[in-house]
Amino acid sequence: MFPSWLSSSRGTVDSSEERHAVLGSPLRAPLMTDQEEAIFACGCFWGAEKGFWRLPGVVTTAVGYAGGEMTDPTYQQVCSGRTGHTEGVRVVWSTPAIDFSDLLKLFWECHDPTQGDRQGNDSGSQYRSAIYTTTERQMALALASRDAYQEQLNSRGYGAITTEIKADQTFYFAEPYHQQYLAKPGSRPYCSAMPTQTSLGDFKGAGYRLPSTIWAQYDWSISHCVLRSDNSPIALS
């Protein structure tokens, strides 16, 4: 059974056959006992998804729509700005291999969470920054990391974080052609994110598991870092 907040209606006729174009894992399989999931929105979901699927311990990712009112919206409807949804990435991970803290580090560092209803050149509520949690611990860590990251941003002259943080928001899978878009032949290399080049350090409850060698693979000082990287998951040395 899918959780009540997860919509499985959009996609191919037999959604059980959908597999991740890079990881090879099912896009919609029920969670195992040692797995968790959450939704991250940080600009155009094409580039955001690639950033997450490369992390060791991530089981699968999918792009879709969350945080709005309309049931099972289409891409065109979401782009109109009238459904209230944002473009998000559903991330499923192995809890023994990676902590939610690691995912939060990637989230905060991979975009500018102070830009409101836009990211880079993409404007509209569908590009707003958001974290949609599924457990109480996730919510606590999301809030604590936000406060810690705000302090870091303040020291660099940035404004207030506008990231929306809510629990248990319904996720609607985007159309199949959007899934792992940047890994597919003929895709247009595109990512709207504008990282602040500000690192997330320690925060209350943090339980980082990934070593510094992993984070060295993300160089946010390079324009469109995600687009310039390999599609394959980063290997633990």
# chains A, B, ... in the order shown; residues from 1 in each chain; ligands from 1
>>> closest_atom_pairs(of="segment 110-130 of chain A", to="segment 181-196 of chain A", cutoff="6 Å", atoms="only C-alpha atoms", output="Markdown table")
| residue | atom | partner | partner_atom | distance |
| --- | --- | --- | --- | --- |
| A:Cys110 | CA | A:Pro195 | CA | 5.1 |
| A:His111 | CA | A:Pro195 | CA | 4.0 |
| A:Asp112 | CA | A:Pro195 | CA | 5.1 |
| A:Gln119 | CA | A:Ala193 | CA | 5.7 |
| A:Gly120 | CA | A:Ser192 | CA | 5.2 |
>>> closest_residue(among="A:Gly57, A:Gly116, A:Gly68, A:Gly24", to="Gly88 of chain A", atoms="only C-alpha atoms")
A:Gly68
>>> select_by_dssp(residues="segment 16-225 of chain A", states="alpha helix (DSSP H)", output="MDAnalysis selection string")
chainID A and resid 45:53 75:79 100:109 136:155 212:215 225
>>> closest_residue(among="A:Thr135, A:Ser232, A:Thr198, A:Thr213", to="Gln35 of chain A", atoms="only C-alpha atoms")
A:Thr135
>>> closest_residue(among="A:Arg128, A:His224, A:Arg209, A:Arg118", to="Lys50 of chain A", atoms="only C-alpha atoms")
A:His224
>>> closest_residue(among="A:Gln197, A:Thr71, A:Thr162, A:Ser155", to="Ala130 of chain A", atoms="only C-alpha atoms")
A:Thr162
>>> closest_residue(among="A:Arg146, A:His20, A:Arg90, A:Arg82", to="Leu104 of chain A", atoms="only C-alpha atoms")
A:Arg146
>>> closest_residue(among="A:Leu103, A:Ala29, A:Ile98, A:Ala142", to="Thr163 of chain A", atoms="only C-alpha atoms")
A:Ala142
>>> atom_distance(atom1="atom CA of Thr74 of chain A", atom2="atom CA of Pro233 of chain A")
29.2 Å
>>> atom_distance(atom1="atom CA of Leu23 of chain A", atom2="atom CA of Gln180 of chain A")
9.9 Å
>>> residues_around(residues="Val89 of chain A", least_positions_apart="2", cutoff="6 Å", atoms="only C-alpha atoms", output="count of residues only")
5
>>> atom_distance(atom1="atom CA of Ser129 of chain A", atom2="atom CA of Asp34 of chain A")
27.4 Å
>>> residues_around(residues="Asp168 of chain A", least_positions_apart="2", cutoff="7 Å", atoms="only C-alpha atoms", output="PyMOL selection string")
chain A and resi 5+132-134+166+170
>>> residues_around(residues="Asp117 of chain A", least_positions_apart="5", cutoff="7 Å", atoms="only C-alpha atoms", output="list in words")
Ser123, Gly124, Ser125, Tyr127 and Arg128 of chain A
>>> write_last_selection(atoms="C-alpha atoms", output="short mmCIF file (atom, residue, chain, number, x, y, z; two decimals), in the first residue's frame")
data_model
loop_
_atom_site.label_atom_id
_atom_site.label_comp_id
_atom_site.auth_asym_id
_atom_site.auth_seq_id
_atom_site.Cartn_x
_atom_site.Cartn_y
_atom_site.Cartn_z
CA SER A 123 9.72 32.55 -11.69
CA GLY A 124 6.43 31.37 -10.21
CA SER A 125 5.13 29.59 -7.14
CA TYR A 127 9.64 27.03 -8.25
CA ARG A 128 9.46 27.89 -4.56
#
>>> residues_around(residues="Tyr208 of chain A", least_positions_apart="6", cutoff="9 Å", atoms="only C-alpha atoms", output="MDAnalysis selection string")
chainID A and resid 98:102 105 202
>>> decode(residues="segment 86-110 of chain A", atoms="C-alpha atoms", output="PDB file, in the first residue's frame")
ATOM      1  CA  THR A  86       5.772  23.246  -6.448  1.00  0.00           C
ATOM      2  CA  GLU A  87       8.110  21.097  -8.519  1.00  0.00           C
ATOM      3  CA  GLY A  88       9.563  18.570  -6.103  1.00  0.00           C
ATOM      4  CA  VAL A  89      11.771  15.520  -5.850  1.00  0.00           C
ATOM      5  CA  ARG A  90      10.634  12.492  -3.879  1.00  0.00           C
ATOM      6  CA  VAL A  91      13.709  10.877  -2.334  1.00  0.00           C
ATOM      7  CA  VAL A  92      13.740   7.390  -0.823  1.00  0.00           C
ATOM      8  CA  TRP A  93      16.844   6.418   1.126  1.00  0.00           C
ATOM      9  CA  SER A  94      18.350   3.624   3.194  1.00  0.00           C
ATOM     10  CA  THR A  95      18.501   4.793   6.804  1.00  0.00           C
ATOM     11  CA  PRO A  96      21.553   2.656   7.707  1.00  0.00           C
ATOM     12  CA  ALA A  97      23.492   4.201   4.808  1.00  0.00           C
ATOM     13  CA  ILE A  98      22.557   7.885   4.869  1.00  0.00           C
ATOM     14  CA  ASP A  99      20.874  10.214   7.335  1.00  0.00           C
ATOM     15  CA  PHE A 100      18.199  12.814   6.676  1.00  0.00           C
ATOM     16  CA  SER A 101      20.804  15.339   7.795  1.00  0.00           C
ATOM     17  CA  ASP A 102      22.899  14.527   4.713  1.00  0.00           C
ATOM     18  CA  LEU A 103      19.915  15.120   2.443  1.00  0.00           C
ATOM     19  CA  LEU A 104      19.260  18.436   4.167  1.00  0.00           C
ATOM     20  CA  LYS A 105      22.868  19.461   3.589  1.00  0.00           C
ATOM     21  CA  LEU A 106      22.487  18.866  -0.136  1.00  0.00           C
ATOM     22  CA  PHE A 107      19.122  20.614  -0.182  1.00  0.00           C
ATOM     23  CA  TRP A 108      20.234  23.828   1.494  1.00  0.00           C
ATOM     24  CA  GLU A 109      23.532  24.064  -0.372  1.00  0.00           C
ATOM     25  CA  CYS A 110      22.265  23.259  -3.885  1.00  0.00           C
TER      26      CYS A 110
END
